[in-house]
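Okay, structure first, notes after.
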Amino acid sequence: MKEARTTAVSRLHLVGIGIGAALLAVLAGLLLTPVRPITGVLEPDAVVRYGLPVVRVLFDLAAVATVGLNLLPILVGLSRPKGAERVLTGARRAAAFSALALAVAALATLVLQTAEVLPHAAGISFSRVTEYVATVSAGKALVFVAAVALVSFGLSLWSVRAGEAVPAELRAAVALFALLPLPVTGHATNWRWQDYAMISMELHVLGAAVWTGGLGAVVIALAANRTLLAHTLPRFSRLATACLCVVAATGLFNAAVELTSVTGRGLVDVLFGTGYGLLVILKLACFAGLAALGANIRWRLLPGIVRHQRTALIGWAALEIAVMCAAFGFAVVLTRTPVA
Amino acid sequence: MRKFAKALSVLTLAGLGLFALAAPASAHNSLTGSNPADKAVLDAGPAEIVLTFDQPVQEGEGLNSIAVTGPDGEQWQGGSASVDSNVVSAPVRELGPSGTYTIGYRIVSADGHPVSGELTFNVNTAGSGTPAAEGDPGWIDMDPSAGGGNGDDGGMPIWVWLVGAVVLLGAGLFVALRIGGGKQPE
């Protein structure tokens, strides 16, 4: 019993480590890309300047958690070892909460984005928000995400009561669907290959969410149960390898599209000479670290885990989750930064 | 797993299709040209500022602003900015002292992102105009929190919204923890 309690504490620590790393990365990213005040023009106040990226990264983490927790039943698979059901009920409760957090974060992002385009307004009224939704596509996308997240919330609550009578595939599909609207309304590119850049962006977001969410859910929900872990981690490892390849290919493509869109400056100059370029380098560094950490778990720890041995998985996974969440933090600042 | 991957790819394509249709324009919007041009040297003040962007600009009350600031720090724009697709323009008052004037702009790109920047132009000969004062068309209240902000309709401050969000989350956590599991083996 004592062991179970300590793992529960260290598991909550993992969530805290992830959120902390993401917030630190947002802060670092904001410091790297300072806004120059524009003469004679009002800029939104500090609540919006710092609040928006912070809420946005919490939004991302809620989306990632929702995806991971809803994928968990599929990763565990149908031939479940004994004791899986109790773990999965806990995961369903957590999924319900993270889906609700996603919906609330989407609406908070909506209010903050409304405030961002209306720096003259002393306050934000409900009619201003609806006006923003009516005119700006990012507003519509956020409302759509909030709606999908509420559907996911309902499905998860239902599955807490009804178990796997609620198809896991449906829950996973709804969670993944919530990721799709936002990337296409954010900064893509004005290049002639825009459609490809958009598809690439969607795949990047899906890959990153499945990878991070999957790892988080598997480690946090299953680490205390060696049988389930030995059963599930090898399956997740294969999925993670696929995600890693997708994230790398699409990330490089999108970065190349953005960086080469700057006319009159060389690629190296843009990469090292602008805040945007530095953020790209930071994300590349995160990726290199993740590949190494992933390989470490795959080849050094996994054989022991499969043999039901005690391993240092939690520690390594905590590090990997921290790097992943930091990458999300940098990504949030990156999407808000104009290149050059 | 295979079936799932298939379902996932179909879903992804469907989602992409949906939103590719809904939001065709998504990009970094950037300034491609202006009249007067950046760092232009003029004999007389311009009648209006015209900024051209490479993407359409979002129209809407209070979304876009162009400010002309004189060498004395006074405001010289003569009205609010108007949008025509990817061109934003604002009238300019008859200018006063000679010297460097700064054009500051902040527009909302069609994808919802604010884009801002600065240009300058130089005027050789002094005009006889007077700067904009409070109440003049286009005058920008640089301290709207001090009351009497442009078009304030009594909305709530941001932090009220954020506190509301946190309360809602707390309620959700309570529900998620308290709801009884129907079938609980063991």
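Ordered as shown in the structure tokens, chains take letters A, B, and onward, while each chain numbers its residues from 1 and ligands are numbered from 1 in the order shown.
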Checklist line | Near-Gly154 in chain A list (9 Å; only C-alpha atoms; drop same-chain fewer than 5 positions) as an MDAnalysis selection string | finding: chainID A and resid 96 99 149 159
Save out the residues we just selected, C-alpha atoms, as an mmCIF file, in the first residue's frame.
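Output saved as out_36.cif:
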data_model
loop_
_atom_site.group_PDB
_atom_site.id
_atom_site.type_symbol
_atom_site.label_atom_id
_atom_site.label_comp_id
_atom_site.auth_asym_id
_atom_site.auth_seq_id
_atom_site.Cartn_x
_atom_site.Cartn_y
_atom_site.Cartn_z
ATOM 1 C CA ALA A 96 -13.267 13.711 -18.534
ATOM 2 C CA ALA A 99 -11.592 17.382 -21.866
ATOM 3 C CA ALA A 149 -14.138 18.970 -26.149
ATOM 4 C CA SER A 159 -17.655 5.675 -20.018
#
Notebook entry, point to check: If you count only C-alpha atoms, which residues fall within 10 Å of range 231-247 of chain A, apart from same-chain ones fewer than 6 positions away, as a VMD selection string?
Noted result: (chain A and resid 72 to 77 79 to 81 200 to 201 203 to 212 214 to 215 218 to 219 222 to 223 253 287 290 to 291 294 to 295 297 to 298 302 to 303 305 to 306 308) or (chain B and resid 1)
Checklist line | Surrounding residues of range 170-181 of chain B excluding itself and chain neighbours under 5 positions, 6 Å, only C-alpha atoms, as an MDAnalysis selection string | finding: chainID A and resid 93 97 160:161
Writer output for current selection, N, CA, C and O atoms, as a PDB file, in the first residue's frame:
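Generated file (part.pdb):
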ATOM      1  N   ARG A  93     -11.869   8.994 -15.798  1.00  0.00           N
ATOM      2  CA  ARG A  93     -12.149  10.191 -14.991  1.00  0.00           C
ATOM      3  C   ARG A  93     -11.194  11.317 -15.377  1.00  0.00           C
ATOM      4  O   ARG A  93     -11.600  12.461 -15.576  1.00  0.00           O
ATOM      5  N   PHE A  97     -11.939  15.090 -17.053  1.00  0.00           N
ATOM      6  CA  PHE A  97     -11.470  16.375 -16.534  1.00  0.00           C
ATOM      7  C   PHE A  97     -10.632  17.117 -17.568  1.00  0.00           C
ATOM      8  O   PHE A  97     -10.805  18.325 -17.780  1.00  0.00           O
ATOM      9  N   VAL A 160     -17.134   6.388 -17.714  1.00  0.00           N
ATOM     10  CA  VAL A 160     -16.841   6.091 -16.311  1.00  0.00           C
ATOM     11  C   VAL A 160     -17.949   5.201 -15.754  1.00  0.00           C
ATOM     12  O   VAL A 160     -17.706   4.250 -15.013  1.00  0.00           O
ATOM     13  N   ARG A 161     -19.180   5.480 -16.169  1.00  0.00           N
ATOM     14  CA  ARG A 161     -20.316   4.691 -15.687  1.00  0.00           C
ATOM     15  C   ARG A 161     -20.486   3.393 -16.468  1.00  0.00           C
ATOM     16  O   ARG A 161     -20.774   2.349 -15.891  1.00  0.00           O
TER      17      ARG A 161
END
Range 155-165 of chain B: which residues within 8 Å, counting only C-alpha atoms, same-chain residues fewer than 3 positions away excluded, as a compact mmCIF listing (two decimals) with C-alpha atoms, in the first residue's frame?
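To be explicit, this is the file written out as result.txt:
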# COMPACT_ATOMS: atom_id res chain seq x y z
CA VAL A 47 -2.57 40.46 -19.06
CA VAL A 104 -12.59 25.97 -20.76
CA ALA A 105 -9.11 26.80 -22.09
CA ALA A 108 -10.51 31.55 -22.28
CA VAL A 111 -11.75 35.91 -24.80
CA LEU A 112 -8.02 36.72 -24.74
CA ALA A 115 -8.94 41.38 -26.23
CA ALA A 122 -11.28 48.63 -21.32
CA GLY A 123 -13.21 45.38 -20.89
CA ILE A 124 -14.48 42.51 -22.97
CA SER A 125 -18.23 42.05 -23.22
CA PHE A 126 -20.06 38.98 -24.44
CA ASP B 152 -16.09 51.31 -24.29
CA LEU B 168 -15.76 26.28 -13.97
CA LEU B 169 -12.73 23.97 -13.95
Kindly provide the residues of chain A that approach chain B to within 7 Å, each paired with its closest atom pair and their distance in Å to one decimal, based on only C-alpha atoms, listed by chain and increasing number, as CSV.
residue,atom,partner,partner_atom,distance
A:Ile38,CA,B:Gly104,CA,5.6
A:Thr39,CA,B:Gly104,CA,5.4
A:Gly40,CA,B:Ala67,CA,5.4
A:Val41,CA,B:Gly104,CA,6.0
A:Leu42,CA,B:Met142,CA,6.3
A:Arg93,CA,B:Ala176,CA,5.5
A:Ala96,CA,B:Ala176,CA,6.3
A:Phe97,CA,B:Leu173,CA,5.8
A:Leu100,CA,B:Gly172,CA,6.6
A:Ala101,CA,B:Leu169,CA,6.2
A:Val104,CA,B:Ala165,CA,6.0
A:Ala108,CA,B:Leu162,CA,6.6
A:Val117,CA,B:Leu63,CA,5.9
A:Leu118,CA,B:Leu63,CA,5.9
A:His120,CA,B:Asn150,CA,6.1
A:Ala121,CA,B:Asp152,CA,5.7
A:Ala122,CA,B:Ser145,CA,5.7
A:Gly123,CA,B:Gly155,CA,4.2
A:Ile124,CA,B:Gly155,CA,4.3
A:Ser125,CA,B:Gly155,CA,3.8
A:Val136,CA,B:Gly112,CA,5.5
A:Ser137,CA,B:Asp111,CA,6.2
A:Ala138,CA,B:Gly112,CA,6.1
A:Val160,CA,B:Gly181,CA,5.4
A:Arg161,CA,B:Gly182,CA,4.2
A:Ala162,CA,B:Gly182,CA,5.9
A:Gly163,CA,B:Lys183,CA,6.9
A:Ala173,CA,B:Leu8,CA,7.0
A:Leu180,CA,B:Gly15,CA,6.4
A:Pro181,CA,B:Phe19,CA,6.4
A:Val184,CA,B:Ser26,CA,6.8
A:Thr185,CA,B:Ser26,CA,5.6
A:Gly186,CA,B:Ser26,CA,6.2
A:His187,CA,B:Ala27,CA,4.8
A:Ala188,CA,B:Ala27,CA,4.7
A:Thr189,CA,B:Ala27,CA,4.5
A:Asn190,CA,B:Ala27,CA,5.3
A:Pro338,CA,B:His28,CA,6.5
